[in-house]
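The structure appears right after this line, and notes come after that.
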Amino acid sequence: MTGKPPAPDKIMQFSSGALWGAMTLGVGSPHSIFTHIEGGATKVDAIAKAAGLSLRGTQALLDGLVGIGMLDVKNGTYSNTSEASFYLVEGKPAYMGGWIKLIVHGPVTKGWLKLDEAVKTGEPRFEHTADEAENPMWEELVLGIAPLAVPVAQIVAERTGIAKMAAPSILDVGGGSGVFSAILLAANPNARATQLDWANVNAIARAYVAKHGVGDRFKTRDGDFHTEDFGSAEFDLAILSNIAHQESPRENVAILKKLKKALKENRALVVSDFVLHDDRTGHPFALLFNANMLLATKAGAAWRQADYRAWLSEAGFAKVTFEATPTPSTLIVAWA
Ligand SMILES: C[S@@+](CC[C@H](N)C(=O)[O-])C[C@H]1O[C@@H](n2cnc3c(N)ncnc32)[C@H](O)[C@@H]1O
């Protein structure tokens, strides 16, 4: 070999660093390390005491959290990075502790340990697959992922001009926590929203939307979006967020056709999902997410823009735009 050999950085990162980093974050977050630091415990002994952990263990955890860029340290004084301060301090609106708990300690990591089997067989390996009715996994997941949808829902509010619409009616299919409804209803005091989801999840959504002070304009419908009718020319805006990736192409076309029928003339459908470019490049999370769908669903995937274009056109949507967001999600706006 001539010249300088390449550094094995990525191999080190993904053979050990990624898993070790995930475990470090997955232990640091539920032990409220970021919350204690934000609250003024900034030395290792004070952090250990506040978290009720051993001194030796806390030092190892803090070193790891510095290593993965979640903490800064100067002369033995620890501080949260801006990312940790924004997303990992309990009580803050964008707190992502629920997401970390779900991924690291919940069914997701257990499923990922079986990736080899899933790759060999092409079959899912999660304990509960996405198509199960009243899947208990959703109850934890929807609140865990809600902070990720907040910036996306804010962009939706801007792009659709919801604030200026007269009295818009919104349909959110598989709305989960109700995060889109909460943000869109807050943007327009005359808006009303209907969420279609399983009964166990709708109960969670009603509490979430009520907490945002707009519960009086939020309605839920319990049922399976594969078999439920969405109505006819009833809605001014429809949302389909983080649903298409769990469905097969045939199911997606069927859902999009029902959404087209449910919308009034010239109204928008907003799809938010982890979308690949047509050449199968894209956001690293979206690319890895494809294996998550292999593990969690019978026929889902991180679909390409070309797939969405074809399905939306078959469903009767004339104009389609794609927009990257500050999160790994791509926003698709289609006009009926
Ligand atoms: C990944 S979550 C997305 C939640 C929300 N749209 C978001 O982006 O935060 C998927 C949601 O779809 C719901 N869901 C999945 N399959 C469903 C089905 N067949 N009928 C109704 N709801 C379903 C789940 O209960 C869950 O709330």
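All residue names refer to the structure tokens as shown: chains lettered A, B, ... in order, residues numbered from 1 in each chain, ligands numbered from 1 in order.
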Sel. of strand (DSSP E or B) residues, stretch 32-269 of chain A, as a JSON list (two decimals) with N, CA and C atoms, in the first residue's frame:
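Final file, states.json:
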[["chain", "number", "residue", "atom", "x", "y", "z"],
["A", 71, "LEU", "N", -21.52, 16.79, 26.97],
["A", 71, "LEU", "CA", -21.07, 17.68, 28.07],
["A", 71, "LEU", "C", -19.75, 18.33, 27.66],
["A", 72, "ASP", "N", -19.50, 19.49, 28.24],
["A", 72, "ASP", "CA", -18.17, 20.13, 28.15],
["A", 72, "ASP", "C", -17.57, 20.08, 29.55],
["A", 73, "VAL", "N", -16.23, 20.05, 29.62],
["A", 73, "VAL", "CA", -15.58, 20.10, 30.93],
["A", 73, "VAL", "C", -14.40, 21.05, 30.87],
["A", 74, "LYS", "N", -14.27, 21.87, 31.93],
["A", 74, "LYS", "CA", -13.15, 22.80, 32.02],
["A", 74, "LYS", "C", -12.74, 22.86, 33.49],
["A", 77, "THR", "N", -15.02, 21.33, 35.98],
["A", 77, "THR", "CA", -16.40, 21.82, 36.05],
["A", 77, "THR", "C", -17.14, 21.40, 34.78],
["A", 78, "TYR", "N", -18.26, 20.71, 34.96],
["A", 78, "TYR", "CA", -19.02, 20.21, 33.82],
["A", 78, "TYR", "C", -20.15, 21.17, 33.45],
["A", 79, "SER", "N", -20.42, 21.25, 32.14],
["A", 79, "SER", "CA", -21.60, 22.02, 31.68],
["A", 79, "SER", "C", -22.26, 21.27, 30.52],
["A", 80, "ASN", "N", -23.56, 21.49, 30.36],
["A", 80, "ASN", "CA", -24.29, 20.87, 29.25],
["A", 80, "ASN", "C", -23.92, 21.57, 27.94],
["A", 169, "SER", "N", -60.58, 22.78, 9.13],
["A", 169, "SER", "CA", -60.75, 21.49, 9.81],
["A", 169, "SER", "C", -59.58, 20.59, 9.38],
["A", 170, "ILE", "N", -58.97, 19.96, 10.37],
["A", 170, "ILE", "CA", -57.72, 19.21, 10.15],
["A", 170, "ILE", "C", -57.98, 17.74, 10.46],
["A", 171, "LEU", "N", -57.43, 16.88, 9.62],
["A", 171, "LEU", "CA", -57.50, 15.43, 9.87],
["A", 171, "LEU", "C", -56.08, 14.91, 10.06],
["A", 172, "ASP", "N", -55.81, 14.25, 11.17],
["A", 172, "ASP", "CA", -54.49, 13.65, 11.40],
["A", 172, "ASP", "C", -54.67, 12.14, 11.53],
["A", 173, "VAL", "N", -54.18, 11.42, 10.53],
["A", 173, "VAL", "CA", -54.34, 9.95, 10.51],
["A", 173, "VAL", "C", -53.13, 9.30, 11.19],
["A", 192, "ARG", "N", -60.22, 23.33, 13.97],
["A", 192, "ARG", "CA", -60.67, 22.13, 14.69],
["A", 192, "ARG", "C", -59.90, 20.95, 14.12],
["A", 193, "ALA", "N", -59.58, 19.97, 14.97],
["A", 193, "ALA", "CA", -58.81, 18.82, 14.48],
["A", 193, "ALA", "C", -59.46, 17.51, 14.89],
["A", 194, "THR", "N", -59.33, 16.54, 13.99],
["A", 194, "THR", "CA", -59.81, 15.17, 14.27],
["A", 194, "THR", "C", -58.63, 14.23, 14.10],
["A", 195, "GLN", "N", -58.43, 13.39, 15.07],
["A", 195, "GLN", "CA", -57.36, 12.40, 14.98],
["A", 195, "GLN", "C", -57.96, 11.00, 14.90],
["A", 196, "LEU", "N", -57.46, 10.22, 13.93],
["A", 196, "LEU", "CA", -57.86, 8.82, 13.82],
["A", 196, "LEU", "C", -56.69, 7.95, 14.29],
["A", 197, "ASP", "N", -56.92, 7.14, 15.30],
["A", 197, "ASP", "CA", -55.85, 6.29, 15.83],
["A", 197, "ASP", "C", -56.51, 5.21, 16.68],
["A", 218, "PHE", "N", -60.42, 19.54, 19.80],
["A", 218, "PHE", "CA", -59.76, 18.31, 19.36],
["A", 218, "PHE", "C", -60.69, 17.12, 19.55],
["A", 219, "LYS", "N", -60.91, 16.37, 18.46],
["A", 219, "LYS", "CA", -61.82, 15.21, 18.50],
["A", 219, "LYS", "C", -61.02, 13.97, 18.13],
["A", 220, "THR", "N", -61.34, 12.83, 18.69],
["A", 220, "THR", "CA", -60.64, 11.61, 18.29],
["A", 220, "THR", "C", -61.65, 10.58, 17.75],
["A", 221, "ARG", "N", -61.14, 9.79, 16.80],
["A", 221, "ARG", "CA", -61.94, 8.66, 16.29],
["A", 221, "ARG", "C", -61.10, 7.41, 16.45],
["A", 222, "ASP", "N", -61.66, 6.42, 17.15],
["A", 222, "ASP", "CA", -60.92, 5.18, 17.38],
["A", 222, "ASP", "C", -61.13, 4.23, 16.21],
["A", 235, "PHE", "N", -62.26, 18.06, 4.88],
["A", 235, "PHE", "CA", -61.13, 18.66, 5.59],
["A", 235, "PHE", "C", -60.35, 19.66, 4.74],
["A", 236, "ASP", "N", -59.75, 20.64, 5.45],
["A", 236, "ASP", "CA", -58.94, 21.67, 4.78],
["A", 236, "ASP", "C", -57.45, 21.32, 4.81],
["A", 237, "LEU", "N", -57.09, 20.41, 5.68],
["A", 237, "LEU", "CA", -55.68, 20.02, 5.80],
["A", 237, "LEU", "C", -55.63, 18.61, 6.37],
["A", 238, "ALA", "N", -54.78, 17.77, 5.78],
["A", 238, "ALA", "CA", -54.64, 16.40, 6.30],
["A", 238, "ALA", "C", -53.17, 16.13, 6.61],
["A", 239, "ILE", "N", -52.94, 15.35, 7.66],
["A", 239, "ILE", "CA", -51.58, 15.04, 8.11],
["A", 239, "ILE", "C", -51.40, 13.53, 8.12],
["A", 240, "LEU", "N", -50.25, 13.08, 7.62],
["A", 240, "LEU", "CA", -49.88, 11.66, 7.71],
["A", 240, "LEU", "C", -48.41, 11.64, 8.12],
["A", 241, "SER", "N", -48.16, 11.54, 9.41],
["A", 241, "SER", "CA", -46.78, 11.68, 9.89],
["A", 241, "SER", "C", -46.27, 10.37, 10.48],
["A", 263, "LEU", "N", -60.22, 15.28, 1.62],
["A", 263, "LEU", "CA", -59.88, 16.71, 1.52],
["A", 263, "LEU", "C", -60.86, 17.44, 0.60],
["A", 264, "LYS", "N", -61.11, 18.72, 0.96],
["A", 264, "LYS", "CA", -61.87, 19.56, 0.03],
["A", 264, "LYS", "C", -60.98, 19.85, -1.18],
["A", 265, "GLU", "N", -61.55, 20.41, -2.20],
["A", 265, "GLU", "CA", -60.83, 20.76, -3.43],
["A", 265, "GLU", "C", -59.65, 21.71, -3.15],
["A", 266, "ASN", "N", -58.52, 21.49, -3.79],
["A", 266, "ASN", "CA", -57.33, 22.37, -3.68],
["A", 266, "ASN", "C", -56.77, 22.50, -2.27],
["A", 267, "ARG", "N", -56.93, 21.51, -1.46],
["A", 267, "ARG", "CA", -56.39, 21.57, -0.10],
["A", 267, "ARG", "C", -55.16, 20.68, -0.01],
["A", 268, "ALA", "N", -54.38, 20.89, 1.06],
["A", 268, "ALA", "CA", -53.07, 20.22, 1.15],
["A", 268, "ALA", "C", -53.08, 19.00, 2.06],
["A", 269, "LEU", "N", -52.31, 18.02, 1.62],
["A", 269, "LEU", "CA", -51.96, 16.88, 2.47],
["A", 269, "LEU", "C", -50.49, 17.04, 2.85]]
Check which residues of stretch 94-153 of chain A sit at most 12 Å from stretch 226-230 of chain A using only C-alpha atoms, and return one row each with the closest pair of atoms and their distance in Å to one decimal, ordered by chain and rising number, as a Markdown table.
| residue | atom | partner | partner_atom | distance |
| --- | --- | --- | --- | --- |
| A:Asp131 | CA | A:His226 | CA | 9.9 |
| A:Glu132 | CA | A:His226 | CA | 11.9 |
| A:Ala133 | CA | A:His226 | CA | 11.0 |
Against ligand 1, which residues of chain A fall within 6 Å? For each one I want the closest pair of atoms and the distance in Å (one decimal), counting only C-alpha atoms and all ligand atoms, rows by chain and increasing residue number, as CSV.
residue,atom,partner,partner_atom_place_in_ligand_line,distance
A:Asp131,CA,ligand 1,16 (N),5.6
A:Trp138,CA,ligand 1,25 (O),5.2
A:Val142,CA,ligand 1,4 (C),5.5
A:Ile145,CA,ligand 1,9 (O),5.6
A:Ala146,CA,ligand 1,9 (O),5.1
A:Ala149,CA,ligand 1,9 (O),5.8
A:Gly174,CA,ligand 1,12 (O),3.7
A:Gly175,CA,ligand 1,6 (N),3.8
A:Gly176,CA,ligand 1,27 (O),3.1
A:Asp197,CA,ligand 1,22 (N),3.8
A:Trp198,CA,ligand 1,22 (N),4.9
A:Val201,CA,ligand 1,25 (O),5.5
A:Gly223,CA,ligand 1,21 (C),5.6
A:Asp224,CA,ligand 1,20 (N),3.4
A:Phe225,CA,ligand 1,20 (N),4.0
A:His226,CA,ligand 1,19 (N),5.6
A:Ser241,CA,ligand 1,6 (N),4.2
A:Asn242,CA,ligand 1,8 (O),4.6
A:Ile243,CA,ligand 1,10 (C),5.5
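Distances to A:Asn290 were evaluated for A:Ala118, A:Val27, A:Val320, A:Ile47 using only C-alpha atoms, and the minimum falls at A:Ala118.
Nearest-residue note for A:Gln154: choosing from A:Ala41, A:Gly91, A:Ala205, A:Ile183, the minimum distance belongs to A:Ile183, counting only C-alpha atoms.
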